[in-house]
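Enquirer: Provided below: query_3.pdb, containing PDB, C-alpha atoms.
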```
ATOM      1  CA  MET A 105     110.784  98.125 110.014
ATOM      2  CA  ARG A 106     111.375  99.093 106.390
ATOM      3  CA  ALA A 107     108.209 100.589 104.911
ATOM      4  CA  CYS A 108     107.914 101.000 101.162
ATOM      5  CA  VAL A 109     105.601 103.879 100.267
ATOM      6  CA  PHE A 110     103.979 104.241  96.840
ATOM      7  CA  GLY A 111     102.514 107.564  95.733
ATOM      8  CA  SER A 112     102.269 110.318  93.169
ATOM      9  CA  SER A 113     105.194 112.415  91.974
ATOM     10  CA  SER A 114     103.154 115.145  90.287
ATOM     11  CA  LYS A 115     103.504 118.784  91.320
ATOM     12  CA  LYS A 116      99.738 119.060  90.817
ATOM     13  CA  THR A 117      98.963 116.546  93.567
ATOM     14  CA  PRO A 118      96.178 117.978  95.813
ATOM     15  CA  LYS A 119      97.278 119.389  99.153
ATOM     16  CA  ALA A 120      94.956 117.002 101.016
ATOM     17  CA  TYR A 121      97.053 114.113  99.685
ATOM     18  CA  THR A 122     100.452 115.659 100.355
ATOM     19  CA  ASP A 123      99.413 116.645 103.886
ATOM     20  CA  VAL A 124      98.593 113.016 104.732
ATOM     21  CA  SER A 125     101.812 111.924 103.042
ATOM     22  CA  TYR A 126     103.864 114.276 105.184
ATOM     23  CA  GLN A 127     102.104 112.997 108.316
ATOM     24  CA  LEU A 128     102.924 109.442 107.312
ATOM     25  CA  GLY A 129     106.604 110.295 106.839
ATOM     26  CA  SER A 130     106.705 112.030 110.223
ATOM     27  CA  LEU A 131     105.159 108.991 111.928
ATOM     28  CA  LEU A 132     107.611 106.587 110.307
ATOM     29  CA  ALA A 133     110.500 108.752 111.496
ATOM     30  CA  LYS A 134     109.077 109.138 115.005
ATOM     31  CA  LYS A 135     108.778 105.369 115.371
ATOM     32  CA  GLY A 136     112.245 104.680 114.026
ATOM     33  CA  HIS A 137     111.212 103.057 110.742
ATOM     34  CA  VAL A 138     112.943 103.422 107.376
ATOM     35  CA  CYS A 139     110.891 105.153 104.669
ATOM     36  CA  VAL A 140     111.593 103.738 101.189
ATOM     37  CA  THR A 141     110.122 105.578  98.185
ATOM     38  CA  GLY A 142     110.486 105.783  94.427
ATOM     39  CA  GLY A 143     112.753 108.796  94.852
ATOM     40  CA  GLY A 144     110.346 111.429  93.520
ATOM     41  CA  LEU A 145     110.799 115.002  94.721
ATOM     42  CA  PHE A 146     107.192 116.156  94.437
ATOM     43  CA  GLY A 147     103.652 114.975  95.093
ATOM     44  CA  CYS A 148     103.021 112.286  97.691
ATOM     45  CA  MET A 149     106.498 110.801  97.202
ATOM     46  CA  GLY A 150     108.215 114.091  97.920
ATOM     47  CA  ALA A 151     105.942 114.877 100.864
ATOM     48  CA  VAL A 152     106.413 111.550 102.638
ATOM     49  CA  ALA A 153     110.187 111.853 102.217
ATOM     50  CA  ASP A 154     110.085 115.428 103.554
ATOM     51  CA  GLY A 155     108.069 114.340 106.577
ATOM     52  CA  ALA A 156     110.517 111.563 107.372
ATOM     53  CA  ALA A 157     113.577 113.767 106.809
ATOM     54  CA  ASP A 158     112.184 116.622 108.904
ATOM     55  CA  GLY A 159     111.550 114.098 111.664
ATOM     56  CA  LYS A 160     115.199 112.991 111.526
ATOM     57  CA  GLY A 161     114.182 109.613 110.159
ATOM     58  CA  LYS A 162     115.942 107.491 107.575
ATOM     59  CA  VAL A 163     114.847 107.945 103.959
ATOM     60  CA  GLU A 164     115.848 105.844 100.957
ATOM     61  CA  GLY A 165     114.894 106.352  97.326
ATOM     62  CA  VAL A 166     115.005 104.042  94.317
ATOM     63  CA  ILE A 167     114.916 105.985  91.062
ATOM     64  CA  HIS A 168     115.431 105.296  87.376
ATOM     65  CA  GLU A 169     118.578 106.953  86.077
ATOM     66  CA  MET A 170     116.613 108.871  83.439
ATOM     67  CA  TRP A 171     115.277 111.102  86.221
ATOM     68  CA  CYS A 172     118.677 111.926  87.708
ATOM     69  CA  SER A 173     119.505 115.608  87.445
ATOM     70  CA  ASP A 174     122.763 115.420  85.513
ATOM     71  CA  ASP A 175     125.139 113.110  83.658
ATOM     72  CA  ASN A 176     127.086 112.257  86.801
ATOM     73  CA  GLY A 177     123.959 111.254  88.688
ATOM     74  CA  GLU A 178     124.796 113.715  91.467
ATOM     75  CA  MET A 179     122.012 114.353  93.967
ATOM     76  CA  ASP A 180     120.562 117.853  93.963
ATOM     77  CA  GLN A 181     119.898 119.668  97.220
ATOM     78  CA  LYS A 182     116.669 117.831  97.993
ATOM     79  CA  TYR A 183     118.096 114.417  97.173
ATOM     80  CA  LYS A 184     120.865 115.139  99.654
ATOM     81  CA  ARG A 185     118.252 114.884 102.396
ATOM     82  CA  MET A 186     117.973 111.182 101.618
ATOM     83  CA  ASP A 187     120.225 108.735 103.393
ATOM     84  CA  LYS A 188     120.486 106.635 100.243
ATOM     85  CA  LEU A 189     119.499 107.116  96.613
ATOM     86  CA  ILE A 190     119.737 104.012  94.451
ATOM     87  CA  LYS A 191     119.872 104.681  90.710
ATOM     88  CA  VAL A 192     118.586 101.874  88.476
ATOM     89  CA  GLY A 193     118.854 101.535  84.691
ATOM     90  CA  GLY A 194     116.913  99.582  82.108
ATOM     91  CA  LYS A 195     114.708 100.194  79.090
ATOM     92  CA  ASN A 196     111.605 100.360  81.303
ATOM     93  CA  LEU A 197     110.674 100.588  85.005
ATOM     94  CA  MET A 198     110.749  96.858  85.775
ATOM     95  CA  ASN A 199     114.241  96.868  87.299
ATOM     96  CA  ARG A 200     113.415  99.884  89.425
ATOM     97  CA  LYS A 201     110.194  98.305  90.684
ATOM     98  CA  ALA A 202     111.972  95.071  91.549
ATOM     99  CA  ARG A 203     114.644  96.938  93.502
ATOM    100  CA  LEU A 204     112.045  99.119  95.232
ATOM    101  CA  ILE A 205     110.077  96.211  96.689
ATOM    102  CA  GLU A 206     112.777  93.588  97.258
ATOM    103  CA  ASP A 207     114.100  94.524 100.709
ATOM    104  CA  VAL A 208     111.133  95.942 102.622
ATOM    105  CA  ASP A 209     108.740  94.647 105.260
ATOM    106  CA  CYS A 210     105.465  96.272 104.212
ATOM    107  CA  PHE A 211     103.796  98.515 101.643
ATOM    108  CA  ILE A 212     101.693 101.662 102.048
ATOM    109  CA  ALA A 213      99.952 103.146  99.011
ATOM    110  CA  LEU A 214      99.137 106.846  98.949
ATOM    111  CA  PRO A 215      97.131 108.422  96.105
ATOM    112  CA  GLY A 216      99.025 108.097  92.846
ATOM    113  CA  GLY A 217      98.800 107.534  89.116
ATOM    114  CA  LEU A 218      99.845 104.775  86.741
ATOM    115  CA  GLY A 219     103.215 104.106  88.388
ATOM    116  CA  THR A 220     101.630 103.787  91.819
ATOM    117  CA  GLY A 221      98.925 101.540  90.377
ATOM    118  CA  ASP A 222     101.516  99.307  88.712
ATOM    119  CA  GLU A 223     103.449  98.917  91.966
ATOM    120  CA  LEU A 224     100.315  98.290  94.009
ATOM    121  CA  TRP A 225      98.954  95.629  91.647
ATOM    122  CA  GLU A 226     102.359  93.930  91.642
ATOM    123  CA  VAL A 227     102.495  93.479  95.421
ATOM    124  CA  MET A 228      98.801  92.561  95.657
ATOM    125  CA  THR A 229      99.406  89.822  93.107
ATOM    126  CA  GLU A 230     102.428  88.564  95.047
ATOM    127  CA  ARG A 231     100.371  88.464  98.220
ATOM    128  CA  GLN A 232      97.489  86.584  96.633
ATOM    129  CA  LEU A 233      99.933  83.994  95.271
ATOM    130  CA  ASN A 234     101.855  83.743  98.571
ATOM    131  CA  MET A 235     105.019  84.841  96.783
ATOM    132  CA  ASN A 236     106.856  86.662  99.575
ATOM    133  CA  PRO A 237     103.569  88.137 100.881
ATOM    134  CA  ARG A 238     103.907  91.258 103.015
ATOM    135  CA  PRO A 239     101.362  93.626 104.604
ATOM    136  CA  ILE A 240      99.706  96.067 102.199
ATOM    137  CA  VAL A 241      97.911  99.218 103.316
ATOM    138  CA  ILE A 242      95.903 101.591 101.160
ATOM    139  CA  LEU A 243      95.655 105.120 102.556
ATOM    140  CA  ASN A 244      92.298 105.975 101.047
ATOM    141  CA  VAL A 245      92.442 109.765 101.359
ATOM    142  CA  ASP A 246      89.186 111.470 100.354
ATOM    143  CA  GLY A 247      87.946 108.187  98.888
ATOM    144  CA  TYR A 248      90.656 108.198  96.224
ATOM    145  CA  TYR A 249      90.763 104.403  96.036
ATOM    146  CA  ASP A 250      87.002 103.773  96.188
ATOM    147  CA  GLY A 251      86.964 102.854  92.503
ATOM    148  CA  LEU A 252      89.785 100.329  92.907
ATOM    149  CA  LEU A 253      88.045  98.714  95.872
ATOM    150  CA  GLN A 254      84.836  98.445  93.861
ATOM    151  CA  GLN A 255      86.759  96.730  91.052
ATOM    152  CA  LEU A 256      88.328  94.244  93.464
ATOM    153  CA  ARG A 257      84.924  93.419  94.938
ATOM    154  CA  ARG A 258      83.580  92.830  91.441
ATOM    155  CA  SER A 259      86.466  90.434  90.782
ATOM    156  CA  ILE A 260      85.505  88.449  93.881
ATOM    157  CA  GLU A 261      81.788  88.452  93.036
ATOM    158  CA  ASP A 262      82.524  87.183  89.525
ATOM    159  CA  GLY A 263      84.776  84.406  90.839
ATOM    160  CA  ILE A 264      87.904  85.818  89.209
ATOM    161  CA  MET A 265      89.738  86.666  92.433
ATOM    162  CA  TRP A 266      89.814  84.145  95.270
ATOM    163  CA  ILE A 267      91.343  86.068  98.157
ATOM    164  CA  ALA A 268      89.224  88.039 100.637
ATOM    165  CA  LEU A 269      89.883  91.777 100.553
ATOM    166  CA  ASP A 270      90.765  92.040 104.228
ATOM    167  CA  ASP A 271      93.290  89.235 103.749
ATOM    168  CA  LEU A 272      94.739  91.051 100.758
ATOM    169  CA  LEU A 273      95.034  94.553 102.176
ATOM    170  CA  PHE A 274      94.086  96.952 104.948
ATOM    171  CA  VAL A 275      92.237 100.163 104.070
ATOM    172  CA  THR A 276      92.263 103.325 106.174
ATOM    173  CA  SER A 277      92.385 107.102 105.790
ATOM    174  CA  ASP A 278      94.463 107.503 108.965
ATOM    175  CA  PRO A 279      98.287 107.436 108.668
ATOM    176  CA  GLU A 280      98.669 106.347 112.283
ATOM    177  CA  ALA A 281      96.353 103.374 111.766
ATOM    178  CA  ALA A 282      98.344 102.467 108.656
ATOM    179  CA  VAL A 283     101.655 102.398 110.534
ATOM    180  CA  GLU A 284     100.195 100.541 113.502
ATOM    181  CA  TYR A 285      98.754  97.846 111.236
ATOM    182  CA  CYS A 286     102.115  97.348 109.536
ATOM    183  CA  GLU A 287     103.948  97.203 112.864
ATOM    184  CA  LYS A 288     101.549  94.635 114.310
ATOM    185  CA  THR A 289     101.506  92.449 111.217
ATOM    186  CA  VAL A 290     105.267  92.499 110.681
ATOM    187  CA  LYS A 291     105.941  91.818 114.372
ATOM    188  CA  ASN A 292     103.555  88.880 114.465
ATOM    189  CA  LYS A 293     104.882  87.591 111.131
ATOM    190  CA  GLN A 294     101.316  87.319 109.846
ATOM    191  CA  GLN A 295     102.424  87.096 106.240
ATOM    192  CA  LYS A 296     101.092  83.886 104.755
ATOM    193  CA  VAL A 297      97.687  84.266 103.148
ATOM    194  CA  SER A 298      94.943  81.756 103.860
ATOM    195  CA  VAL A 299      92.620  81.130 100.929
ATOM    196  CA  PRO A 300      88.915  80.823 101.953
ATOM    197  CA  ALA A 301      87.530  77.332 101.448
ATOM    198  CA  THR A 302      84.115  78.411 100.160
ATOM    199  CA  GLU A 303      82.386  81.404  98.581
ATOM    200  CA  GLU A 304      80.585  82.009 101.887
ATOM    201  CA  ASP A 305      83.945  82.125 103.709
ATOM    202  CA  LEU A 306      85.140  84.651 101.147
ATOM    203  CA  LYS A 307      82.181  86.950 101.757
ATOM    204  CA  GLN A 308      82.484  86.716 105.544
ATOM    205  CA  THR A 309      86.191  87.578 105.610
ATOM    206  CA  SER A 310      85.876  90.864 103.685
ATOM    207  CA  SER A 311      84.435  92.859 106.590
ATOM    208  CA  ASN A 312      87.454  95.091 107.275
ATOM    209  CA  VAL A 313      87.348  96.774 103.873
ATOM    210  CA  PRO A 314      85.002  99.795 103.837
ATOM    211  CA  ALA A 315      81.873  99.436 101.745
ATOM    212  CA  ASP A 316      81.248 101.666  98.734
ATOM    213  CA  LYS A 317      79.865 105.080  99.509
TER     214      LYS A 317
END
```
In structure tokens, how does this file's structure come out?

Expert:
Amino acid sequence: MRACVFGSSSKKTPKAYTDVSYQLGSLLAKKGHVCVTGGGLFGCMGAVADGAADGKGKVEGVIHEMWCSDDNGEMDQKYKRMDKLIKVGGKNLMNRKARLIEDVDCFIALPGGLGTGDELWEVMTERQLNMNPRPIVILNVDGYYDGLLQQLRRSIEDGIMWIALDDLLFVTSDPEAAVEYCEKTVKNKQQKVSVPATEEDLKQTSSNVPADK
């Protein structure tokens, strides 16, 4: 299984987030899965890659060329721990995002900023529209994504979004549960999204997403 992991790249990322990220990388390696990230060296991105590399797993990164360390695009010592580093050009991050998500089986979102949010909204939109839908997991560490979940619920209540939350994504704070969900869903090929027929169906099928605190 090829798991694409979204997450922060900031050096200021809280330790609680990087600890979970490292655990996730270790689990992916232990189970023989490929960990695909945005190529960041720090924050959640760096930690998940470290966990996978330390566990002798396969790590791939997709990074915009503007973040490469020198004119030749040579990998520095930490990049050398990756099995593959794909450098992508372009005047913005659209090409990088497309390359990051094109050849993976599932997505796991760790805490992150605008880049993580952009990537997460992209794949959620694809899933809602049944455009190459793949499993999406939010690792809601310390309630980081509570605000996003509240916004999605509001979209459903106001009739703007028509997919049930538990059909859109799986929410957990446990890295092991995240990996197990992806494995089960990918194995069973449970990719196509079923749109609820009525508003009542929509409400009843949102039970797996934790309620607001």

Enquirer: Considering only C-alpha atoms, give me a table of residues in segment 176-225 of chain A that are at most 10 Å from segment 273-292 of chain A, with the closest atom pair and distance in Å for each, as a tab-separated table.

Expert:
```
residue	atom	partner	partner_atom	distance
A:Asp209	CA	A:Val290	CA	6.8
A:Cys210	CA	A:Cys286	CA	6.4
A:Phe211	CA	A:Cys286	CA	8.2
A:Ile212	CA	A:Ala282	CA	7.5
A:Ala213	CA	A:Val275	CA	9.7
A:Leu214	CA	A:Ser277	CA	9.6
```

Enquirer: Take the PyMOL selection byres ((chain A and resi 215-218) around 10), run it mentally on this structure, and tell me the resulting residues as a ChimeraX atom specification.

Expert: /A:110-114,117-118,121-122,124-125,147-149,213-214,219-224,242-249

Enquirer: So how many Å separate atom CA of Asp158 of chain A and atom CA of His137 of chain A, to one decimal?

Expert: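 Atom CA of His137 of chain A lies at a distance of 13.7 Å from atom CA of Asp158 of chain A.
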
Enquirer: For atom CA of Lys293 of chain A and atom CA of Leu204 of chain A, quote the distance in Å rounded to one decimal.

Expert: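 It comes out at 20.9 Å.
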
Enquirer: I'd like the interatomic distance between atom CA of Gln232 of chain A and atom CA of Leu132 of chain A, to a tenth of an Å.

Expert: 26.3 Å

Enquirer: Determine, counting all atoms listed in the file, every residue of protein, DNA or RNA that lies within 7 Å of (108.1, 101.7, 89.9) in the file coordinates, then give the result as a VMD selection string.

Expert: chain A and resid 142 197 to 198 200 to 201 219 223

Enquirer: Just checking: using all atoms listed in the file, which residue out of A:Leu145, A:Val192, A:Ala120, A:Ala151 ends up closest to His168 of chain A?

Expert: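 The shortest atom-to-atom distance to His168 of chain A comes from A:Val192.
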
Enquirer: Give me the residues within 7 Å of Lys188 of chain A as a PyMOL selection string, counting only C-alpha atoms and dropping any in the same chain fewer than 2 places off.

Expert: chain A and resi 163-165+186+190

Enquirer: A:Arg231, A:Arg258, A:Lys119, A:Arg238: which is nearest Ala107 of chain A, counting only C-alpha atoms?

Expert: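 That would be A:Arg238, the residue with the smallest distance to Ala107 of chain A.
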